[in-house]
Amino acid sequence: MNIEYVEATPDIQTYYELRDSVGWNNFCIEQTELALRDRKLFVLAKDCDKYVAMGSVVGDGMYYTIVDVVVRPEYQGKKIGATIVNKLVELIIKNIPEGGRTSIQLIAAPGKEEFYVKQGFDILPTKDSGAALRKIIYT
Ligand SMILES: CC(C)(COP(=O)(O)OP(=O)(O)OC[C@H]1O[C@@H](n2cnc3c(N)ncnc32)[C@H](O)[C@@H]1OP(=O)(O)O)[C@@H](O)C(=O)NCCC(=O)NCCS
């Protein structure tokens with residue numbers, strides 16, 4: 001196995017297939033096409049010609065949210081997820097100006113919290129931050 005990491009946006013089929021591989025529901029085509037067009041940061045992992053993992057970041061330079069971290073089940077447990085998360089963080093850091101700061105958030109899938117703790121994330125609430133909240137809207 002020779003895993004190569006690339007900073008590139010997946011095509012819609014690859015994106016859907018990677019999410020399908022871990023049992024995640026996909027968003028509709030219209031939303032997905034817009035997201036893939038507008039998202040600035042994606043890291044993909046390839047094994048020869050096959051895309052086996054991805055991770056992505058949504059954000060504006062001050063605040064970032066890590067999303068779509070997926071490793072195909074047969075490739076899990078080989079540090080690919082950790083490498084992708086760390087590459088995303090490195091790309092974010094490159095964009096912080098001297099004297100700046102940024103906050104990187106994410107919502108862990110159930111049971112995946114410790115994976116992110118191992119990459120240096122804190123579980124909220126902390127001494128300085130309250131709990132994370134969210135609202136999901138269906139139309
Ligand atoms: C979660 C996921 C991205 C992890 O990727 P991975 O490539 O399998 O994990 P890695 O091999 O990079 O693991 C890195 C470290 O995290 C640990 N780890 C991985 N998953 C973990 C879990 N669920 N709980 C605790 N620790 C975990 C590993 O043991 C390893 O520890 P080490 O550095 O001490 O050896 C992957 O399992 C996955 O795609 N799962 C399904 C989709 C998902 O839930 N994505 C996360 C959405 S928030």
# chains A, B, ... in the order shown; residues from 1 in each chain; ligands from 1

call {"tool": "closest_atom_pairs", "arguments": {"of": "chain A", "to": "ligand 1", "cutoff": "12 Å", "atoms": "only C-alpha atoms and all ligand atoms", "output": "CSV"}}
result
residue,atom,partner,partner_atom_place_in_ligand_line,distance
A:Ile3,CA,ligand 1,7 (O),11.6
A:Leu18,CA,ligand 1,39 (O),8.9
A:Arg19,CA,ligand 1,42 (C),7.9
A:Asp20,CA,ligand 1,42 (C),9.9
A:Ser21,CA,ligand 1,41 (C),8.4
A:Val22,CA,ligand 1,41 (C),5.2
A:Gly23,CA,ligand 1,42 (C),8.1
A:Trp24,CA,ligand 1,42 (C),7.9
A:Asn25,CA,ligand 1,42 (C),11.6
A:Ala45,CA,ligand 1,7 (O),10.4
A:Val52,CA,ligand 1,39 (O),9.7
A:Ala53,CA,ligand 1,39 (O),7.4
A:Met54,CA,ligand 1,39 (O),8.5
A:Gly55,CA,ligand 1,3 (C),8.4
A:Ser56,CA,ligand 1,47 (C),10.8
A:Thr65,CA,ligand 1,48 (S),10.8
A:Ile66,CA,ligand 1,48 (S),8.3
A:Val67,CA,ligand 1,48 (S),6.9
A:Asp68,CA,ligand 1,47 (C),6.5
A:Val69,CA,ligand 1,45 (N),4.9
A:Val70,CA,ligand 1,39 (O),3.6
A:Val71,CA,ligand 1,39 (O),3.7
A:Arg72,CA,ligand 1,39 (O),6.1
A:Pro73,CA,ligand 1,39 (O),6.8
A:Glu74,CA,ligand 1,8 (O),9.0
A:Tyr75,CA,ligand 1,7 (O),6.7
A:Gln76,CA,ligand 1,8 (O),3.3
A:Gly77,CA,ligand 1,11 (O),3.4
A:Lys78,CA,ligand 1,11 (O),4.1
A:Lys79,CA,ligand 1,12 (O),3.1
A:Ile80,CA,ligand 1,7 (O),4.0
A:Gly81,CA,ligand 1,7 (O),3.5
A:Ala82,CA,ligand 1,12 (O),3.6
A:Thr83,CA,ligand 1,12 (O),6.3
A:Ile84,CA,ligand 1,12 (O),8.0
A:Val85,CA,ligand 1,12 (O),8.5
A:Asn86,CA,ligand 1,12 (O),9.7
A:Lys87,CA,ligand 1,12 (O),11.9
A:Gln105,CA,ligand 1,48 (S),10.7
A:Leu106,CA,ligand 1,48 (S),7.1
A:Ile107,CA,ligand 1,48 (S),5.9
A:Ala108,CA,ligand 1,48 (S),3.7
A:Ala109,CA,ligand 1,48 (S),4.2
A:Pro110,CA,ligand 1,44 (O),7.3
A:Gly111,CA,ligand 1,23 (N),5.2
A:Lys112,CA,ligand 1,23 (N),4.0
A:Glu113,CA,ligand 1,24 (N),6.4
A:Glu114,CA,ligand 1,25 (C),4.3
A:Phe115,CA,ligand 1,27 (C),4.0
A:Tyr116,CA,ligand 1,16 (O),7.1
A:Val117,CA,ligand 1,16 (O),8.2
A:Lys118,CA,ligand 1,16 (O),5.9
A:Gln119,CA,ligand 1,16 (O),7.7
A:Gly120,CA,ligand 1,16 (O),10.9
A:Phe121,CA,ligand 1,16 (O),11.9

call {"tool": "select_by_dssp", "arguments": {"residues": "segment 86-119 of chain A", "states": "helix (DSSP H, G or I)", "output": "list in words"}}
result
Asn86, Lys87, Leu88, Val89, Glu90, Leu91, Ile92, Ile93, Lys94, Glu113, Glu114, Phe115, Tyr116 and Val117 of chain A

call {"tool": "write_last_selection", "arguments": {"atoms": "C-alpha atoms", "output": "CSV table (one decimal), in the first residue's frame"}}
result
chain,number,residue,atom,x,y,z
A,86,ASN,CA,-2.9,17.2,10.6
A,87,LYS,CA,-2.4,18.2,7.0
A,88,LEU,CA,-5.7,20.3,7.1
A,89,VAL,CA,-4.4,22.0,10.3
A,90,GLU,CA,-1.1,22.7,8.7
A,91,LEU,CA,-2.8,24.3,5.7
A,92,ILE,CA,-4.9,26.4,8.0
A,93,ILE,CA,-1.8,27.5,10.0
A,94,LYS,CA,-0.1,28.6,6.8
A,113,GLU,CA,-14.0,12.1,20.1
A,114,GLU,CA,-10.7,10.5,21.3
A,115,PHE,CA,-9.4,10.3,17.7
A,116,TYR,CA,-9.6,14.1,17.6
A,117,VAL,CA,-8.2,14.5,21.1

call {"tool": "atom_distance", "arguments": {"atom1": "atom CA of Thr9 of chain A", "atom2": "atom CA of Ala35 of chain A"}}
result
10.1 Å

call {"tool": "residues_around", "arguments": {"residues": "Gly100 of chain A", "least_positions_apart": "4", "cutoff": "10 Å", "atoms": "only C-alpha atoms", "output": "NGL selection string"}}
result
:A and (61-62 or 95-96)

call {"tool": "closest_residue", "arguments": {"among": "A:Ala8, A:Val57, A:Ala132, A:Ile104", "to": "Arg39 of chain A", "atoms": "only C-alpha atoms"}}
result
A:Val57

call {"tool": "atom_distance", "arguments": {"atom1": "atom CA of Leu36 of chain A", "atom2": "atom CA of Gly59 of chain A"}}
result
13.5 Å

call {"tool": "closest_residue", "arguments": {"among": "A:Ile123, A:Cys28, A:Leu34, A:Cys48", "to": "Tyr138 of chain A", "atoms": "only C-alpha atoms"}}
result
A:Cys28

call {"tool": "select_by_dssp", "arguments": {"residues": "segment 11-132 of chain A", "states": "strand (DSSP E or B)", "output": "VMD selection string"}}
result
chain A and resid 41 to 47 50 to 59 63 to 71 103 to 105

call {"tool": "write_last_selection", "arguments": {"atoms": "N, CA and C atoms", "output": "PDB file, in the first residue's frame"}}
result
ATOM      1  N   LEU A  41     -10.496  24.096   1.141  1.00  0.00           N
ATOM      2  CA  LEU A  41      -9.492  23.107   1.543  1.00  0.00           C
ATOM      3  C   LEU A  41     -10.063  21.694   1.569  1.00  0.00           C
ATOM      4  N   PHE A  42      -9.448  20.862   0.780  1.00  0.00           N
ATOM      5  CA  PHE A  42      -9.726  19.425   0.811  1.00  0.00           C
ATOM      6  C   PHE A  42      -8.383  18.708   0.799  1.00  0.00           C
ATOM      7  N   VAL A  43      -8.235  17.670   1.566  1.00  0.00           N
ATOM      8  CA  VAL A  43      -7.087  16.770   1.432  1.00  0.00           C
ATOM      9  C   VAL A  43      -7.650  15.377   1.136  1.00  0.00           C
ATOM     10  N   LEU A  44      -7.109  14.774   0.083  1.00  0.00           N
ATOM     11  CA  LEU A  44      -7.537  13.429  -0.313  1.00  0.00           C
ATOM     12  C   LEU A  44      -6.370  12.471  -0.147  1.00  0.00           C
ATOM     13  N   ALA A  45      -6.693  11.225   0.179  1.00  0.00           N
ATOM     14  CA  ALA A  45      -5.661  10.186   0.225  1.00  0.00           C
ATOM     15  C   ALA A  45      -5.951   9.188  -0.889  1.00  0.00           C
ATOM     16  N   LYS A  46      -4.891   8.842  -1.642  1.00  0.00           N
ATOM     17  CA  LYS A  46      -5.030   7.921  -2.769  1.00  0.00           C
ATOM     18  C   LYS A  46      -4.167   6.694  -2.560  1.00  0.00           C
ATOM     19  N   ASP A  47      -4.704   5.541  -2.896  1.00  0.00           N
ATOM     20  CA  ASP A  47      -3.907   4.318  -2.966  1.00  0.00           C
ATOM     21  C   ASP A  47      -3.883   3.946  -4.444  1.00  0.00           C
ATOM     22  N   LYS A  50      -7.021   4.852  -6.574  1.00  0.00           N
ATOM     23  CA  LYS A  50      -8.272   4.806  -5.808  1.00  0.00           C
ATOM     24  C   LYS A  50      -8.247   5.820  -4.658  1.00  0.00           C
ATOM     25  N   TYR A  51      -9.297   6.638  -4.572  1.00  0.00           N
ATOM     26  CA  TYR A  51      -9.397   7.556  -3.439  1.00  0.00           C
ATOM     27  C   TYR A  51      -9.908   6.778  -2.232  1.00  0.00           C
ATOM     28  N   VAL A  52      -9.149   6.840  -1.141  1.00  0.00           N
ATOM     29  CA  VAL A  52      -9.480   6.002   0.011  1.00  0.00           C
ATOM     30  C   VAL A  52      -9.872   6.818   1.245  1.00  0.00           C
ATOM     31  N   ALA A  53      -9.658   8.121   1.203  1.00  0.00           N
ATOM     32  CA  ALA A  53      -9.991   8.948   2.370  1.00  0.00           C
ATOM     33  C   ALA A  53     -10.032  10.411   1.968  1.00  0.00           C
ATOM     34  N   MET A  54     -10.711  11.190   2.782  1.00  0.00           N
ATOM     35  CA  MET A  54     -10.743  12.638   2.549  1.00  0.00           C
ATOM     36  C   MET A  54     -10.971  13.362   3.862  1.00  0.00           C
ATOM     37  N   GLY A  55     -10.703  14.656   3.820  1.00  0.00           N
ATOM     38  CA  GLY A  55     -11.050  15.550   4.917  1.00  0.00           C
ATOM     39  C   GLY A  55     -11.155  16.935   4.328  1.00  0.00           C
ATOM     40  N   SER A  56     -11.937  17.782   4.967  1.00  0.00           N
ATOM     41  CA  SER A  56     -12.176  19.090   4.378  1.00  0.00           C
ATOM     42  C   SER A  56     -12.362  20.136   5.467  1.00  0.00           C
ATOM     43  N   VAL A  57     -12.262  21.390   5.042  1.00  0.00           N
ATOM     44  CA  VAL A  57     -12.385  22.502   5.984  1.00  0.00           C
ATOM     45  C   VAL A  57     -13.283  23.572   5.387  1.00  0.00           C
ATOM     46  N   VAL A  58     -14.193  24.081   6.193  1.00  0.00           N
ATOM     47  CA  VAL A  58     -15.021  25.224   5.827  1.00  0.00           C
ATOM     48  C   VAL A  58     -14.573  26.376   6.719  1.00  0.00           C
ATOM     49  N   GLY A  59     -14.373  27.556   6.153  1.00  0.00           N
ATOM     50  CA  GLY A  59     -13.954  28.641   7.039  1.00  0.00           C
ATOM     51  C   GLY A  59     -13.595  29.914   6.320  1.00  0.00           C
ATOM     52  N   TYR A  63     -12.281  31.657  11.660  1.00  0.00           N
ATOM     53  CA  TYR A  63     -12.884  30.440  12.207  1.00  0.00           C
ATOM     54  C   TYR A  63     -12.943  29.370  11.125  1.00  0.00           C
ATOM     55  N   TYR A  64     -12.608  28.153  11.514  1.00  0.00           N
ATOM     56  CA  TYR A  64     -12.671  27.034  10.575  1.00  0.00           C
ATOM     57  C   TYR A  64     -13.409  25.873  11.225  1.00  0.00           C
ATOM     58  N   THR A  65     -14.117  25.109  10.396  1.00  0.00           N
ATOM     59  CA  THR A  65     -14.749  23.877  10.857  1.00  0.00           C
ATOM     60  C   THR A  65     -14.237  22.719  10.001  1.00  0.00           C
ATOM     61  N   ILE A  66     -13.731  21.708  10.654  1.00  0.00           N
ATOM     62  CA  ILE A  66     -13.290  20.512   9.940  1.00  0.00           C
ATOM     63  C   ILE A  66     -14.504  19.611   9.712  1.00  0.00           C
ATOM     64  N   VAL A  67     -14.675  19.191   8.468  1.00  0.00           N
ATOM     65  CA  VAL A  67     -15.830  18.355   8.107  1.00  0.00           C
ATOM     66  C   VAL A  67     -15.387  17.235   7.170  1.00  0.00           C
ATOM     67  N   ASP A  68     -16.308  16.296   6.954  1.00  0.00           N
ATOM     68  CA  ASP A  68     -16.104  15.246   5.935  1.00  0.00           C
ATOM     69  C   ASP A  68     -14.791  14.484   6.109  1.00  0.00           C
ATOM     70  N   VAL A  69     -14.456  14.155   7.337  1.00  0.00           N
ATOM     71  CA  VAL A  69     -13.270  13.301   7.563  1.00  0.00           C
ATOM     72  C   VAL A  69     -13.737  11.845   7.457  1.00  0.00           C
ATOM     73  N   VAL A  70     -13.308  11.209   6.402  1.00  0.00           N
ATOM     74  CA  VAL A  70     -13.755   9.840   6.098  1.00  0.00           C
ATOM     75  C   VAL A  70     -12.572   9.006   5.629  1.00  0.00           C
ATOM     76  N   VAL A  71     -12.414   7.851   6.221  1.00  0.00           N
ATOM     77  CA  VAL A  71     -11.435   6.867   5.741  1.00  0.00           C
ATOM     78  C   VAL A  71     -12.229   5.598   5.412  1.00  0.00           C
ATOM     79  N   SER A 103      -9.494  29.726  15.276  1.00  0.00           N
ATOM     80  CA  SER A 103     -10.139  28.674  16.065  1.00  0.00           C
ATOM     81  C   SER A 103     -10.658  27.617  15.106  1.00  0.00           C
ATOM     82  N   ILE A 104     -10.288  26.369  15.349  1.00  0.00           N
ATOM     83  CA  ILE A 104     -10.723  25.260  14.488  1.00  0.00           C
ATOM     84  C   ILE A 104     -11.705  24.408  15.291  1.00  0.00           C
ATOM     85  N   GLN A 105     -12.918  24.278  14.773  1.00  0.00           N
ATOM     86  CA  GLN A 105     -13.957  23.512  15.465  1.00  0.00           C
ATOM     87  C   GLN A 105     -14.309  22.258  14.683  1.00  0.00           C
TER      88      GLN A 105
END

call {"tool": "residues_around", "arguments": {"residues": "Asp49 of chain A", "least_positions_apart": "6", "cutoff": "12 Å", "atoms": "only C-alpha atoms", "output": "list in words"}}
result
Met1, Asn2, Ile3, Glu4, Tyr5 and Thr14 of chain A

call {"tool": "closest_residue", "arguments": {"among": "A:Asp60, A:Thr139, A:Ile29, A:Pro125", "to": "Thr102 of chain A", "atoms": "only C-alpha atoms"}}
result
A:Asp60
